[in-house]
Each structure stands twice: as C-alpha cells, then as structure tokens.
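Printed here is model19.cif (mmCIF, C-alpha atoms):
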```
data_input
loop_
_atom_site.label_atom_id
_atom_site.label_comp_id
_atom_site.auth_asym_id
_atom_site.auth_seq_id
_atom_site.Cartn_x
_atom_site.Cartn_y
_atom_site.Cartn_z
CA MET A 1 18.56 -11.31 18.67
CA GLU A 2 20.29 -8.01 19.47
CA GLN A 3 18.11 -5.35 21.08
CA GLN A 4 19.02 -2.81 18.38
CA ILE A 5 17.74 -5.12 15.66
CA ILE A 6 14.51 -5.74 17.60
CA SER A 7 14.06 -1.99 18.11
CA ASP A 8 14.68 -1.24 14.44
CA LEU A 9 12.21 -3.87 13.24
CA ILE A 10 9.53 -2.63 15.63
CA ASN A 11 10.08 0.91 14.33
CA ILE A 12 9.83 -0.35 10.74
CA ILE A 13 6.49 -2.01 11.52
CA ASN A 14 5.18 1.19 13.09
CA GLU A 15 6.30 3.25 10.08
CA GLU A 16 5.16 0.93 7.31
CA ILE A 17 1.86 -0.37 8.73
CA GLU A 18 -0.99 2.00 9.56
CA ILE A 19 -4.74 2.45 9.38
CA ALA A 20 -6.23 4.28 6.39
CA GLN A 21 -9.69 5.01 5.11
CA GLY A 22 -9.65 5.04 1.33
CA CYS A 23 -6.93 4.67 -1.27
CA THR A 24 -3.79 6.24 0.16
CA GLU A 25 -2.92 8.59 -2.74
CA PRO A 26 -6.15 10.64 -2.83
CA ILE A 27 -6.20 10.50 0.96
CA ALA A 28 -2.66 11.93 0.99
CA GLY A 29 -3.99 14.78 -1.14
CA ALA A 30 -6.81 15.40 1.32
CA TYR A 31 -4.38 15.28 4.23
CA THR A 32 -1.93 17.74 2.67
CA ALA A 33 -4.78 20.06 1.72
CA SER A 34 -6.19 19.99 5.24
CA VAL A 35 -2.80 20.99 6.65
CA ALA A 36 -2.45 23.89 4.21
CA THR A 37 -6.04 25.03 4.85
CA ARG A 38 -5.47 25.14 8.58
CA ILE A 39 -2.30 27.23 8.10
CA LEU A 40 -4.01 29.71 5.74
CA ASN A 41 -6.95 30.07 8.16
CA MET A 42 -9.26 31.89 5.74
CA ASP A 43 -11.53 31.16 2.79
CA VAL A 44 -9.81 29.54 -0.17
CA GLU A 45 -10.29 30.95 -3.67
CA ARG A 46 -7.85 28.77 -5.62
CA ILE A 47 -5.86 25.58 -5.06
CA GLU A 48 -2.59 24.77 -6.82
CA VAL A 49 -1.30 21.20 -6.66
CA VAL A 50 2.00 19.79 -7.86
CA ALA A 51 2.26 16.00 -7.55
CA SER A 52 4.40 13.12 -8.73
CA THR A 53 2.95 11.14 -11.61
CA ASN A 54 2.65 8.07 -9.37
CA ILE A 55 0.29 9.96 -7.07
CA ILE A 56 -1.73 11.35 -9.97
CA LYS A 57 -2.21 7.96 -11.65
CA ASN A 58 -3.10 6.25 -8.34
CA ALA A 59 -5.79 8.81 -7.56
CA LYS A 60 -7.30 9.12 -11.03
CA GLY A 61 -9.38 5.95 -11.20
CA VAL A 62 -10.24 5.14 -7.58
CA VAL A 63 -13.41 6.30 -5.79
CA ILE A 64 -12.87 8.45 -2.70
CA PRO A 65 -14.58 6.64 0.21
CA GLY A 66 -18.06 7.78 1.10
CA THR A 67 -18.55 9.81 -2.11
CA LYS A 68 -19.94 7.11 -4.48
CA ASP A 69 -18.37 8.60 -7.61
CA LEU A 70 -15.75 11.27 -6.86
CA MET A 71 -12.24 10.46 -8.10
CA GLY A 72 -8.93 12.20 -8.58
CA ILE A 73 -6.56 14.56 -6.81
CA GLU A 74 -8.72 17.61 -7.57
CA ALA A 75 -11.71 16.19 -5.67
CA SER A 76 -9.59 14.90 -2.81
CA VAL A 77 -7.90 18.25 -2.10
CA ILE A 78 -11.23 20.05 -2.14
CA LEU A 79 -12.68 17.55 0.32
CA GLY A 80 -9.56 17.94 2.45
CA MET A 81 -10.12 21.67 2.46
CA LEU A 82 -13.83 21.37 3.33
CA VAL A 83 -13.97 18.58 5.92
CA GLY A 84 -10.44 17.24 6.36
CA ASP A 85 -9.13 16.66 9.87
CA ALA A 86 -5.34 16.43 9.65
CA SER A 87 -5.10 15.03 13.18
CA LEU A 88 -6.67 11.82 11.87
CA LYS A 89 -3.81 11.33 9.38
CA MET A 90 -4.88 8.68 6.83
CA GLU A 91 -8.44 8.76 8.14
CA VAL A 92 -8.57 12.48 7.35
CA LEU A 93 -11.87 12.21 5.44
CA SER A 94 -13.85 10.39 8.12
CA ASN A 95 -16.29 13.31 8.34
CA ILE A 96 -17.54 13.38 4.73
CA ASP A 97 -21.24 14.21 4.41
CA GLU A 98 -23.64 14.95 1.54
CA ALA A 99 -23.15 18.70 1.89
CA ALA A 100 -19.39 18.32 1.40
CA ILE A 101 -19.91 16.08 -1.64
CA THR A 102 -22.31 18.58 -3.22
CA LYS A 103 -19.97 21.51 -2.52
CA THR A 104 -17.00 19.59 -3.92
CA LYS A 105 -18.82 18.98 -7.19
CA GLU A 106 -19.70 22.68 -7.42
CA LEU A 107 -16.08 23.72 -6.88
CA LEU A 108 -14.84 21.15 -9.39
CA ASP A 109 -17.20 22.65 -11.97
CA LEU A 110 -15.77 26.10 -11.19
CA GLY A 111 -12.27 24.75 -11.85
CA ILE A 112 -10.67 26.12 -8.67
CA VAL A 113 -7.96 23.42 -8.67
CA SER A 114 -4.95 23.37 -11.00
CA LEU A 115 -2.87 20.19 -11.10
CA LYS A 116 0.64 19.83 -12.50
CA ALA A 117 3.05 16.91 -12.60
CA ALA A 118 6.16 17.34 -10.47
CA THR A 119 9.60 17.24 -12.08
CA SER A 120 11.28 15.91 -8.93
CA PRO A 121 12.76 12.37 -9.00
CA ALA A 122 10.78 11.61 -5.84
CA LYS A 123 8.08 9.05 -6.65
CA LEU A 124 5.85 10.19 -3.77
CA LEU A 125 5.69 13.99 -3.68
CA MET A 126 2.87 16.48 -3.42
CA SER A 127 2.62 20.21 -2.70
CA VAL A 128 -0.77 21.81 -2.09
CA ARG A 129 -1.08 25.61 -2.06
CA MET A 130 -4.27 27.22 -0.74
CA ILE A 131 -4.73 30.77 -2.07
CA ASN A 132 -6.86 33.75 -1.09
CA GLY A 133 -5.98 36.86 -3.08
CA GLU A 134 -2.32 37.59 -2.43
CA GLU A 135 -2.14 35.30 0.59
CA TYR A 136 -1.33 31.61 0.49
CA ALA A 137 -0.29 28.62 2.57
CA GLU A 138 1.49 25.59 1.14
CA ALA A 139 2.21 22.12 2.56
CA THR A 140 4.47 19.50 0.99
CA ILE A 141 4.74 15.75 1.61
CA MET A 142 7.54 13.50 0.40
CA HIS A 143 8.29 9.73 0.42
CA MET A 144 5.47 8.95 2.88
CA HIS A 145 1.80 9.86 2.62
CA THR A 146 1.74 12.01 5.77
CA ASN A 147 5.39 13.06 5.93
CA ILE A 148 5.17 16.86 5.86
CA VAL A 149 8.62 18.12 4.86
CA LYS A 150 7.75 21.77 4.30
CA ILE A 151 5.13 24.32 5.32
CA GLU A 152 5.18 27.85 3.94
CA LYS A 153 2.88 30.84 4.45
CA ASN A 154 3.14 34.07 2.47
CA GLY A 155 6.84 33.51 1.78
CA ILE A 156 7.72 32.56 5.34
CA ILE A 157 8.99 29.02 5.95
CA LEU A 158 7.20 27.60 8.99
CA LYS A 159 8.66 24.11 8.68
CA ASN A 160 11.54 22.77 6.62
CA ASP A 161 12.58 19.16 7.09
CA PRO A 162 14.11 18.23 3.73
CA CYS A 163 14.73 14.67 2.51
CA ASP A 164 16.97 13.27 -0.19
CA GLU A 165 14.56 13.29 -3.15
CA ARG A 166 16.16 10.19 -4.67
CA ASP A 167 16.20 8.10 -1.48
CA PHE A 168 12.67 6.92 -0.69
CA ASN A 169 13.88 5.49 2.63
CA ALA A 170 15.41 8.80 3.72
CA ALA A 171 12.64 9.65 6.18
CA LEU A 172 12.47 6.15 7.65
CA THR A 173 14.32 3.90 10.06
CA SER A 174 17.37 2.27 8.48
CA LYS A 175 16.54 -1.11 6.97
CA GLU A 176 20.07 -2.47 7.16
CA HIS A 177 18.89 -5.20 9.57
CA LEU A 178 15.89 -6.17 7.42
CA THR A 179 17.24 -9.49 6.14
CA LEU A 180 15.26 -12.69 5.66
CA GLU A 181 17.07 -14.39 8.54
CA ASN A 182 16.40 -11.49 10.93
CA ILE A 183 12.77 -11.33 9.80
CA HIS A 184 12.31 -15.03 10.52
CA GLU A 185 13.86 -14.85 13.99
CA PHE A 186 12.00 -11.64 14.88
CA ALA A 187 8.60 -13.00 13.79
CA SER A 188 9.21 -16.16 15.79
CA THR A 189 10.33 -14.53 19.05
CA VAL A 190 9.09 -10.93 19.40
CA ASP A 191 6.63 -10.06 22.15
CA LEU A 192 3.42 -9.64 20.16
CA THR A 193 1.96 -7.21 22.71
CA LEU A 194 4.46 -4.68 21.30
CA LEU A 195 2.69 -4.82 17.92
CA PRO A 196 -1.04 -4.10 18.46
CA ILE A 197 -1.44 -3.10 14.80
CA LEU A 198 -1.44 -6.80 13.84
CA GLN A 199 -4.78 -7.37 15.55
CA LYS A 200 -6.25 -4.41 13.67
CA GLN A 201 -4.81 -5.67 10.38
CA ILE A 202 -6.58 -8.99 10.85
CA GLU A 203 -9.84 -7.44 12.06
CA PHE A 204 -10.18 -4.50 9.66
CA ASN A 205 -8.94 -6.24 6.53
CA SER A 206 -11.16 -9.27 7.17
CA ALA A 207 -14.17 -6.95 7.51
CA ILE A 208 -13.67 -5.25 4.14
CA SER A 209 -12.97 -8.62 2.51
CA ASN A 210 -16.30 -9.91 3.83
CA GLU A 211 -17.97 -6.77 2.50
CA GLY A 212 -16.53 -7.41 -0.96
CA LEU A 213 -17.55 -11.06 -0.88
CA THR A 214 -21.09 -10.23 0.25
CA ASN A 215 -22.10 -7.15 -1.76
CA LYS A 216 -21.61 -5.80 -5.29
CA TRP A 217 -18.44 -3.71 -5.47
CA GLY A 218 -16.34 -2.91 -8.52
CA ALA A 219 -15.72 -5.78 -10.94
CA MET A 220 -16.68 -8.31 -8.22
CA VAL A 221 -13.50 -10.30 -8.89
CA GLY A 222 -13.61 -11.85 -5.42
CA LYS A 223 -17.36 -12.35 -5.16
CA ILE A 224 -17.70 -14.02 -8.57
CA ASN A 225 -14.73 -16.32 -8.05
CA LYS A 226 -15.97 -17.43 -4.64
CA LYS A 227 -19.47 -18.00 -6.05
CA GLN A 228 -18.09 -20.08 -8.92
CA THR A 229 -16.16 -22.28 -6.48
CA LEU A 230 -19.36 -23.02 -4.59
CA CYS A 231 -22.00 -23.22 -7.33
CA GLU A 232 -20.02 -25.48 -9.65
CA GLY A 233 -20.08 -28.17 -6.97
CA LEU A 234 -16.30 -28.19 -6.68
CA THR A 235 -14.58 -29.27 -3.50
CA PHE A 236 -13.68 -26.37 -1.26
CA ASP A 237 -10.41 -25.01 -2.60
CA ILE A 238 -8.56 -22.98 0.04
CA ARG A 239 -6.09 -21.74 -2.56
CA ARG A 240 -8.81 -20.32 -4.78
CA HIS A 241 -10.85 -19.03 -1.87
CA SER A 242 -7.90 -17.15 -0.35
CA CYS A 243 -7.24 -15.42 -3.68
CA ALA A 244 -10.92 -14.48 -3.99
CA ALA A 245 -11.12 -13.19 -0.42
CA ALA A 246 -8.14 -10.88 -0.91
CA ALA A 247 -9.43 -9.64 -4.27
CA ALA A 248 -12.83 -8.92 -2.72
CA GLY A 249 -11.29 -6.49 -0.28
CA SER A 250 -9.84 -4.55 -3.18
CA ASP A 251 -13.16 -4.71 -5.06
CA ALA A 252 -14.77 -2.86 -2.18
CA ARG A 253 -11.94 -0.47 -1.38
CA MET A 254 -11.23 0.71 -4.91
CA SER A 255 -14.94 1.40 -5.44
CA GLY A 256 -15.40 3.73 -2.48
CA CYS A 257 -16.18 1.49 0.51
CA SER A 258 -15.74 3.53 3.68
CA LEU A 259 -14.46 0.69 5.86
CA PRO A 260 -10.92 1.32 7.12
CA VAL A 261 -8.06 -1.02 6.29
CA VAL A 262 -4.57 -1.53 7.63
CA THR A 263 -2.03 -0.61 4.98
CA VAL A 264 1.45 -2.00 4.41
CA ASN A 265 4.09 -0.08 2.45
CA GLY A 266 1.60 2.77 2.22
CA SER A 267 -0.97 0.62 0.40
CA GLY A 268 -4.27 -0.81 1.56
CA ASN A 269 -4.33 -3.26 -1.34
CA GLN A 270 -0.97 -4.59 -0.18
CA GLY A 271 -2.10 -4.79 3.44
CA MET A 272 -5.12 -6.86 2.41
CA THR A 273 -3.19 -9.01 -0.05
CA ILE A 274 -0.73 -10.00 2.66
CA ALA A 275 -3.10 -10.68 5.54
CA ILE A 276 -6.30 -12.15 4.13
CA PRO A 277 -4.91 -15.35 2.53
CA ILE A 278 -2.92 -16.09 5.69
CA ILE A 279 -6.11 -15.65 7.72
CA GLU A 280 -8.00 -18.02 5.42
CA PHE A 281 -5.28 -20.68 5.58
CA ALA A 282 -5.14 -20.34 9.38
CA LYS A 283 -8.89 -20.95 9.58
CA GLU A 284 -8.65 -23.98 7.30
CA HIS A 285 -5.82 -25.57 9.30
CA GLU A 286 -7.08 -24.46 12.73
CA ASN A 287 -3.93 -22.58 13.68
CA THR A 288 -3.76 -20.76 16.99
CA GLU A 289 -4.19 -17.00 17.24
CA GLU A 290 -0.50 -16.59 18.08
CA GLU A 291 0.51 -18.64 15.04
CA LEU A 292 -1.70 -16.48 12.86
CA TYR A 293 -0.28 -13.22 14.24
CA ARG A 294 3.31 -14.37 13.76
CA ALA A 295 2.60 -15.53 10.22
CA VAL A 296 1.00 -12.19 9.30
CA LEU A 297 3.98 -10.38 10.86
CA PHE A 298 6.36 -12.55 8.83
CA GLY A 299 4.41 -11.84 5.64
CA ASP A 300 4.32 -8.10 6.35
CA LEU A 301 8.07 -7.90 6.86
CA ILE A 302 8.90 -10.02 3.81
CA SER A 303 6.78 -7.67 1.70
CA ILE A 304 8.40 -4.61 3.28
CA ARG A 305 11.82 -6.12 2.51
CA LEU A 306 10.86 -6.60 -1.14
CA LYS A 307 9.41 -3.09 -1.45
CA GLN A 308 12.48 -1.62 0.27
CA SER A 309 14.30 -2.09 -3.02
CA VAL A 310 11.49 -0.69 -5.18
CA GLY A 311 9.96 2.16 -3.16
CA ARG A 312 6.44 2.87 -1.92
CA LEU A 313 5.33 4.02 -5.37
CA SER A 314 6.87 2.52 -8.47
CA PRO A 315 6.22 1.59 -12.10
CA LEU A 316 6.11 -2.00 -10.78
CA CYS A 317 2.83 -3.28 -9.35
CA GLY A 318 3.09 -3.42 -5.55
CA VAL A 319 0.58 -6.21 -4.96
CA THR A 320 2.98 -8.60 -6.71
CA TYR A 321 5.36 -8.22 -3.76
CA ALA A 322 2.52 -8.25 -1.25
CA ALA A 323 1.43 -11.60 -2.73
CA ILE A 324 4.94 -12.98 -2.24
CA GLY A 325 4.84 -11.76 1.37
CA SER A 326 1.47 -13.39 1.91
CA VAL A 327 2.57 -16.77 0.59
CA ALA A 328 5.76 -16.50 2.67
CA GLY A 329 3.44 -16.08 5.67
CA ILE A 330 1.45 -19.16 4.63
CA LEU A 331 4.64 -21.23 4.37
CA TYR A 332 5.70 -19.93 7.78
CA LEU A 333 2.26 -20.82 9.17
CA GLN A 334 2.65 -24.37 7.91
CA GLY A 335 6.09 -24.77 9.47
CA TYR A 336 8.28 -24.73 6.37
CA GLU A 337 11.92 -23.76 6.73
CA LEU A 338 13.27 -20.42 5.56
CA SER A 339 15.06 -22.16 2.67
CA ILE A 340 11.66 -23.06 1.16
CA VAL A 341 10.51 -19.45 1.56
CA GLU A 342 13.64 -18.27 -0.26
CA MET A 343 12.98 -20.71 -3.11
CA MET A 344 9.39 -19.45 -3.39
CA ILE A 345 10.60 -15.84 -3.52
CA LYS A 346 13.07 -16.65 -6.29
CA ASN A 347 10.42 -18.49 -8.29
CA SER A 348 7.99 -15.59 -7.88
CA ILE A 349 10.51 -12.91 -8.83
CA ALA A 350 11.48 -14.95 -11.91
CA ASN A 351 7.82 -15.10 -12.94
CA ASN A 352 5.97 -11.93 -11.99
CA THR A 353 8.58 -9.16 -12.03
CA GLY A 354 7.68 -6.52 -14.61
CA ILE A 355 3.93 -6.28 -14.07
CA ILE A 356 3.20 -2.57 -14.41
CA CYS A 357 1.31 -0.30 -12.05
CA ASP A 358 -1.25 1.65 -14.08
CA GLY A 359 -2.87 3.29 -11.07
CA ALA A 360 -5.27 2.34 -8.30
CA LYS A 361 -8.62 1.25 -9.69
CA ALA A 362 -11.08 -1.64 -9.94
CA SER A 363 -8.69 -3.88 -11.88
CA CYS A 364 -6.28 -4.01 -8.93
CA ALA A 365 -8.43 -6.88 -7.67
CA LEU A 366 -7.49 -8.87 -10.77
CA LYS A 367 -3.79 -8.29 -10.13
CA ILE A 368 -4.20 -9.34 -6.51
CA TYR A 369 -5.87 -12.59 -7.54
CA SER A 370 -3.25 -13.30 -10.23
CA GLY A 371 -0.33 -12.33 -7.99
CA LEU A 372 -1.46 -14.62 -5.20
CA ASP A 373 -2.21 -17.50 -7.54
CA THR A 374 1.25 -17.20 -9.09
CA ALA A 375 2.99 -16.94 -5.70
CA LEU A 376 1.11 -20.04 -4.52
CA LEU A 377 2.28 -21.86 -7.66
CA SER A 378 5.83 -20.75 -6.85
CA ALA A 379 5.40 -22.13 -3.32
CA GLN A 380 4.11 -25.44 -4.66
CA LEU A 381 7.25 -25.77 -6.77
CA ALA A 382 9.48 -24.83 -3.83
CA MET A 383 7.77 -27.35 -1.53
CA ASN A 384 8.68 -30.01 -4.08
CA GLY A 385 12.30 -28.91 -4.27
CA SER A 386 12.01 -27.02 -7.56
CA VAL A 387 13.54 -23.55 -7.87
CA ILE A 388 14.63 -21.43 -10.83
CA PRO A 389 18.41 -22.04 -11.15
CA ASP A 390 20.79 -19.34 -9.93
CA GLY A 391 22.07 -17.20 -12.79
CA THR A 392 18.87 -17.66 -14.77
CA GLY A 393 17.57 -14.26 -15.84
CA ILE A 394 17.59 -11.91 -12.86
CA ILE A 395 17.87 -14.66 -10.22
CA GLN A 396 21.11 -14.55 -8.23
CA THR A 397 22.61 -17.09 -5.81
CA ASP A 398 22.17 -14.67 -2.90
CA ILE A 399 18.47 -14.06 -2.19
CA GLU A 400 19.22 -10.65 -0.67
CA GLN A 401 21.04 -9.56 -3.86
CA THR A 402 18.18 -10.86 -5.98
CA ILE A 403 15.79 -8.67 -4.00
CA ASN A 404 18.11 -5.66 -4.12
CA ASP A 405 18.35 -5.94 -7.90
CA LEU A 406 14.62 -5.21 -8.17
CA LYS A 407 15.56 -1.54 -7.80
CA LEU A 408 17.43 -1.73 -11.11
CA ILE A 409 14.31 -3.09 -12.81
CA SER A 410 12.10 -0.41 -11.24
CA ASP A 411 14.48 2.40 -12.18
CA ALA A 412 14.71 1.12 -15.75
CA MET A 413 10.91 1.19 -16.04
CA THR A 414 10.57 4.87 -15.20
CA MET A 415 9.40 5.58 -18.75
CA VAL A 416 6.42 3.30 -18.10
CA ASP A 417 4.94 5.94 -15.80
CA SER A 418 5.20 8.53 -18.56
CA ALA A 419 3.50 6.19 -21.01
CA VAL A 420 0.72 5.39 -18.52
CA MET A 421 0.11 9.08 -17.88
CA LYS A 422 -0.17 9.75 -21.63
CA ILE A 423 -2.80 7.05 -21.85
CA LEU A 424 -4.66 8.29 -18.78
CA SER A 425 -4.52 11.95 -19.88
CA PRO A 426 -4.32 11.93 -23.69
CA GLU A 427 -4.95 15.67 -23.91
#
```

Target encoding structure tokens, full file:
Amino acid sequence: MEQQIISDLINIINEEIEIAQGCTEPIAGAYTASVATRILNMDVERIEVVASTNIIKNAKGVVIPGTKDLMGIEASVILGMLVGDASLKMEVLSNIDEAAITKTKELLDLGIVSLKAATSPAKLLMSVRMINGEEYAEATIMHMHTNIVKIEKNGIILKNDPCDERDFNAALTSKEHLTLENIHEFASTVDLTLLPILQKQIEFNSAISNEGLTNKWGAMVGKINKKQTLCEGLTFDIRRHSCAAAAAGSDARMSGCSLPVVTVNGSGNQGMTIAIPIIEFAKEHENTEEELYRAVLFGDLISIRLKQSVGRLSPLCGVTYAAIGSVAGILYLQGYELSIVEMMIKNSIANNTGIICDGAKASCALKIYSGLDTALLSAQLAMNGSVIPDGTGIIQTDIEQTINDLKLISDAMTMVDSAVMKILSPE
C-alpha cells in the first residue's frame, strides 16, 4: 500500500475517533461556551446561542453526564461557562460538581440563555456569545464538535478559519482513498502501535457496556434483553447478546453515565455500536488480541466510509451505519472475503436506509439493537450467497456508488429535521 494512502487513513482515524464524556452535541455546546468564556474573561450576564437543528435535537433529550437530570443546549453552555475546561476538548465537563449543578439550575430559571436555530446549511454549527454589558466574546464551531472556525471579541476577529458550509468534510483529511479495498488492506497490514486509540475504544466502550448491563439506566434495553436470554433457559445466543451489550452502553450513556467512551464519526453511540459486538464475538470465538484490534479498525473505517456520504449529523440515524460497520468487522474477524462484506452492506442499505434521527435520547438503544440485528441478518444472507440484486431500489452494481448515493437520500430528507423540531418544540 502506498505511503500516502497509509498516512491519509491514519489521519482519518485520528480525526474521526476520539474520547468523549457525554453525548457529543451538548458537550460541544459546553466546549464552545468554555472557549468564549475564557476569551471574555469577566462575569457573564447573558448567553446567546445559535445552533443547527441537528445539534439542538441531539441535545434536547439526553442527560448531561454527572448531572442526573439536566438536558439541553441551555444547560450545557451554562455548565461550560461555570466549570468547562476547553483544554480537555470532549471531556470538557469532567469537573462537574454539585455546586455547578445547583448554580446551573438557578441560571436556567433566570433565563440567561437564548437559543435560536441557525439558517446555515451546515448540519453541525454552533455559535456561543458570552455577554457582559456592552462587551462580548463569541466562539463558533463548524462540521466537527471542537473545530473552532471563528473567535470574536467586541467586534475584533481573533480567529477566522472559514469552511465551506455545505461540505462537511471541508475541515478534514481528504477521503479519496477511503475505499473498501483500501480499508481491507490497511486494516490487515497497518502497524497497530500507530493507532493507540483502538485499545481505548475496546477498554472504555466495554466498561460502559458492562455498566449498562449491570445497573438500571434508561429504558434498560440491553439489560432486559440479556436477562431474558439467560432466564428463559435459552442457549447462549452470541448474536442476541452482542446486540444487548451494545444497546446497554447507550442505555447508560444517554441517561447521564459519566464514564468516557471512544466516539466514531463524532458519536459515542456509533463508537459503541461498532466495537462492542466485535468484542463479544471475539470472546466467543477466542480470537487473538491482534485479530480483535484489526477487526475493530476495519469496522470503524467501514462506518466512517458510510458516514462520509451522509455527514456527521444527518436526518438519517447514524447507528444504522455503525451497525453495518460492526457486522463488517465481525465478518472480517471470522475470515470472510471482502466480497461477502460488500454483499452484507448492500443488503443492509436496501433494508435499513431511511430510519430517521430524532435526536439523542434513551430510545437510541432500541435503534442500536435493531440496527445490529438487521445487519447480522444481512450478513447471514450474504454468507449464504444471497444479495439484493443490482438495480433493485437504490442498490447499484458498484458498492462505492451505492454508498455515495446515500448522500442523495440524506439531502432529500432535510425536511425531516424540520418536522422533528416542530414535534420537539411545538411552541
């Protein structure tokens, strides 16, 4: 493999996979607020936030970690102002304490935060302005949760690094080399010591999955399904258990668990959906550590390739594509050829494309379970030589074109976000 391709794929991994504490959209709000607060460097009287609808909907129904019951952009920016440490990036709220929670609730009651939906075509965009009298400081992120593109203080531009608002890959390494064949060769040959994040993805995401399986979090989708498998006297079903284990991580995370996770495509739910089933299958089949790492890497990159066409935030549910990536990793782990992986991807796209994203919240665990179960069904068909025929619906002969066409579906569903926001905020 050419060195440039290797370098690009390593850069893509480093950009798209990172550690985060809490759902990434409210955490992005806290991060942006902490940057603006530091620039203002005085007490804050008012906060003005402008955010894309995708950020607003993803923050509205998810509990901010360590707070037990605080949700929404308004709470997250106040917490970012009070205790946020921007140097920690997506772990910006690691220092939450009871005093900060109490103060946040007081400031929410005072209504110091105004929130408006952005009119920009960018799906991931947020500006936070901290105001004291006539003075203000404003920070803006775009396309990535910690990608500060502009900082302004009292009319003076301190940083201006603009992106193409319509190109969600504008701030990232080119993905021209991110093809299924390159992904397969890279995952099979790269020096794993160059990718330490994989070990953290396995460790951190397993820990929060175990938390969700053990204790009562959210709708307990994972815990209940694992319990049913055991108490009904059924034989151990690795397929069902892997779905439950992944869902359990989301149960905990969406309900405010403070354990960190490793995110993929800017999403902790996606990072867990990809890794945890591969981990469970590797345990069941006694794969080596290296085999596990390479399978997780393969699954990560397949998911990143699928999301490349859709964007980090989209009207389409992201865990659907994470589930496809996970099952691709399982097929890789079991030694299946790339042609079988391609058949599974086509079957999955033919089945699950169109599931909407209605925000981050407890029911994400249900979508994780369903997405994985469907992708595993698609794999079962592929392993037996069955694939949706080319030219059927949105399935093309070329797998890369089939994946690229997902952007057309996502773009056409833009009105879904508006409908979801009307439901979430009927006033």

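Restricting the calculation to only C-alpha atoms, the smallest distance between Ala245 (chain A) and any of A:Phe168, A:Leu372, A:Ile183, A:Ile197 is found for A:Leu372.
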
Applying the PyMOL selection byres ((chain A and resi 167) around 10) to the file I just gave you, which residues come out? Please list them as a ChimeraX atom specification.
/A:121-123,143,163-166,168-171,311

List the residues sitting within 9 Å of (10.5, -15.1, -5.5) in the file's frame, using all atoms listed in the file, as a list in words.
Tyr321, Ile324, Val341, Glu342, Met343, Met344, Ile345, Lys346, Asn347, Ser348, Ile349, Ala350, Asn351, Asn352, Ala375, Ser378, Ala379, Ile395, Ile399, Thr402 and Ile403 of chain A

Quick check, in Å to one decimal: how far apart do CA of Ala244 (chain A) and CA of Ala207 (chain A) lie?
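So the answer is 14.1 Å.
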
On this file, the PyMOL selection byres ((chain A and resi 272) around 10) gives some set of residues; write that set as an MDAnalysis selection string.
chainID A and resid 201:202 204:206 208:209 245:250 261:264 267:271 273:277 319 322:323 326 368

Identify, on the basis of all atoms listed in the file, every residue whose closest approach to Ser34 (chain A) does not exceed 12 Å; exclude the query and any residue fewer than 5 positions from it along the same chain; express the result as a count of residues only.
36

For Arg46 (chain A), which of A:Gln396, A:Gln3, A:Asn287, A:Asn132 is the closest residue, counting all atoms listed in the file?
A:Asn132

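For the residues A:Thr32, A:Gln21, A:Asn225, A:Asn54, ranking by smallest atom-to-atom distance to Met415 (chain A) using all atoms listed in the file places A:Asn54 first.
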
Could you check the closest approach to Asn14 (chain A) for each of A:Val416, A:Ala328, A:Leu198, A:Ala382 and tell me which residue wins, using only C-alpha atoms?
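Ranking A:Val416, A:Ala328, A:Leu198, A:Ala382 by distance to Asn14 (chain A), first place goes to A:Leu198.
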
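Note on the selection: in this file the PyMOL selection byres ((chain A and resi 414) around 12) comes out as A:Thr53, A:Asn54, A:Pro121, A:Ala122, A:Lys123, A:Val310, A:Leu313, A:Ser314, A:Pro315, A:Leu316, A:Gly354, A:Ile356, A:Cys357, A:Lys407, A:Leu408, A:Ile409, A:Ser410, A:Asp411, A:Ala412, A:Met413, A:Met415, A:Val416, A:Asp417, A:Ser418, A:Ala419, A:Val420, A:Met421.
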
When you count all atoms listed in the file, which of these residues is closest to Glu284 (chain A): A:Leu406, A:Ile56, A:Leu376, A:Ile238?
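The closest residue to Glu284 (chain A) is A:Ile238.
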
Quick one: pull the distance between CA of Asp43 (chain A) and CA of Lys153 (chain A), Å, one decimal.
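Pair CA of Asp43 (chain A) / CA of Lys153 (chain A) returns 14.5 Å.
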
Report, in Å with one decimal, the straight-line distance from CA of Thr24 (chain A) to CA of Asn265 (chain A).
10.4 Å

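Nearest residue to Ile6 (chain A), choosing from A:Ile340, A:Ile64, A:Ile131, A:Ala187 and counting only C-alpha atoms: A:Ala187.
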
Write out as a PDB file with C-alpha atoms, keeping the file's coordinate frame each polymer residue whose atoms come within 10 Å of Ile5 (chain A), counting only C-alpha atoms; drop sequence neighbours fewer than 2 positions from it.
```pdb
ATOM      1  CA  MET A   1      18.560 -11.310  18.670  1.00  0.00           C
ATOM      2  CA  GLU A   2      20.290  -8.010  19.470  1.00  0.00           C
ATOM      3  CA  GLN A   3      18.110  -5.350  21.080  1.00  0.00           C
ATOM      4  CA  SER A   7      14.060  -1.990  18.110  1.00  0.00           C
ATOM      5  CA  ASP A   8      14.680  -1.240  14.440  1.00  0.00           C
ATOM      6  CA  LEU A   9      12.210  -3.870  13.240  1.00  0.00           C
ATOM      7  CA  ILE A  10       9.530  -2.630  15.630  1.00  0.00           C
ATOM      8  CA  ASN A  11      10.080   0.910  14.330  1.00  0.00           C
ATOM      9  CA  LYS A 175      16.540  -1.110   6.970  1.00  0.00           C
ATOM     10  CA  GLU A 176      20.070  -2.470   7.160  1.00  0.00           C
ATOM     11  CA  HIS A 177      18.890  -5.200   9.570  1.00  0.00           C
ATOM     12  CA  LEU A 178      15.890  -6.170   7.420  1.00  0.00           C
ATOM     13  CA  ASN A 182      16.400 -11.490  10.930  1.00  0.00           C
ATOM     14  CA  ILE A 183      12.770 -11.330   9.800  1.00  0.00           C
ATOM     15  CA  PHE A 186      12.000 -11.640  14.880  1.00  0.00           C
TER      16      PHE A 186
END
```
